[in-house]
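**Q** Sharing a structure, written as structure tokens. Questions coming.
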Amino acid sequence: MSVSQTFDNFAFSVVIYIDMISIIQKYFKDLTPEQISRFEMMGRLYPEWNEKINVISRKDIDNLFTNHILHSLSIAKFINPVPRTTFLDMGTGGGFPGLPLAVLFPDCRFHLIDRIGKKIKVASSIAAELGMDNVTFQHGDIGECRQKFDFVISRAVMKLNELVPLIRKNISPVSINAYPNGLICLKGGELADESKGIREEIMEYDLKNYFDEDFFETKKLVYVPL
């Protein structure tokens with residue numbers, strides 16, 4: 001490849017990243033230069049890692065910013081946590097929703113756990129390259145995590161009536177936010193069946209009310225105070 005071709009490819013990539021980051025800035029207008037830089041780095045790092053370890057469907061990697069980063073950040077449309085709020089990202093996979101939220105809320109703490117070691121490797125490596133100091137990682141099952149947090153977050157990990165019993169022990173009894181501590185998860189489709197047996201009130205929010213992109217048409221945020 002010639003020098004000119006290399007430069008052209010680099011310039012094309014820069015244009016793509018700028019266009020993608022504009023999707024984030026469309027809904028989060030007060031990002032700092034450091035936050036913008038970290039989101040841009042995600043746009044480079046995730047495709048690079050995905051070539052080695054598949055954490056995002058290869059058919060979906062081109063939709064990284066909308067379907068994964070922006071989807072993760074939708075939790076911020078529900079809650080603006082106070083500093084020192086703690087989050088457990090249960091079944092984080094390659095780092096969603098935990099890593100994008102950790103960029104958005106640098107004064108909060110995030111603990112990301114997953115049973116698949118290679119996915120934790122990707123997420124922790126990306127966090128290191130981003131220079132994140134508010135994120136910790138655990139390779140293991142949720143049963144092995146005994147710490148308590150203000151909120152457990154997850155993205156399409158399992159059915160609600162299976163998830164809630166597993167994470168009750170991880171919810172701190174002392175709330176410091178406007179919303180009581182509990183579970184915040186991102187879901188899609190009908191939730192009636194998987195909500196059966198949960199005694200707490202379940203609150204659902206349609207993400208299409210916050211985002212214009214077609215991806216969010218059937219996506220929901222679910223909050224269960226615990």
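Residue numbering restarts at 1 in every chain; chains get A, B, ... in the order shown in the structure tokens, and ligands count up from 1 in that same order.
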Using the chain letters and numbers from this document, which residues of segment 58-149 of chain A does DSSP assign to strand (DSSP E or B), as a PyMOL selection string?

**A** chain A and resi 86-90+109-114+135-139+149

**Q** Give me, as a ChimeraX atom specification, the residues of segment 36-216 of chain A that a backbone DSSP run labels alpha helix (DSSP H).

**A** /A:36-52,71-73,98-104,117-130,160-167

**Q** Could you check which of A:Leu70, A:Leu186, A:Ala123, A:Val164 is closest to His111 of chain A, using only C-alpha atoms?

**A**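 Using only C-alpha atoms, the shortest distance to His111 of chain A belongs to A:Ala123.
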
**Q** My list of candidates is A:Leu45, A:Val55, A:Leu73, A:Met158. Which is closest to Tyr27 of chain A when distances are computed with only C-alpha atoms?

**A**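 With only C-alpha atoms as the atom set, the closest residue is A:Leu73.
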
**Q** Give me the residues of segment 160-218 of chain A that have any atom at most 8 Å from an atom of segment 75-82 of chain A; for each, the nearest atom pair and the distance in Å, rounded to one decimal. Use only C-alpha atoms, sort by chain and number, and format it as JSON lines.

**A**
```
{"residue": "A:Ile176", "atom": "CA", "partner": "A:Val82", "partner_atom": "CA", "distance": 7.5}
{"residue": "A:Asn177", "atom": "CA", "partner": "A:Pro81", "partner_atom": "CA", "distance": 6.3}
{"residue": "A:Tyr179", "atom": "CA", "partner": "A:Ile79", "partner_atom": "CA", "distance": 7.8}
{"residue": "A:Ile184", "atom": "CA", "partner": "A:Ile75", "partner_atom": "CA", "distance": 7.6}
{"residue": "A:Leu186", "atom": "CA", "partner": "A:Ile75", "partner_atom": "CA", "distance": 8.0}
{"residue": "A:Tyr210", "atom": "CA", "partner": "A:Lys77", "partner_atom": "CA", "distance": 7.5}
```

**Q** What's the separation between atom CA of Ala178 of chain A and atom CA of Phe215 of chain A, in Å to one decimal place?

**A**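 It comes out at 29.0 Å.
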
**Q** With distances taken over only C-alpha atoms, which of A:Met90, A:Ile198, A:Ile142, A:Leu101 is nearest to Asn161 of chain A?

**A**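 Nearest to Asn161 of chain A: A:Ile198.
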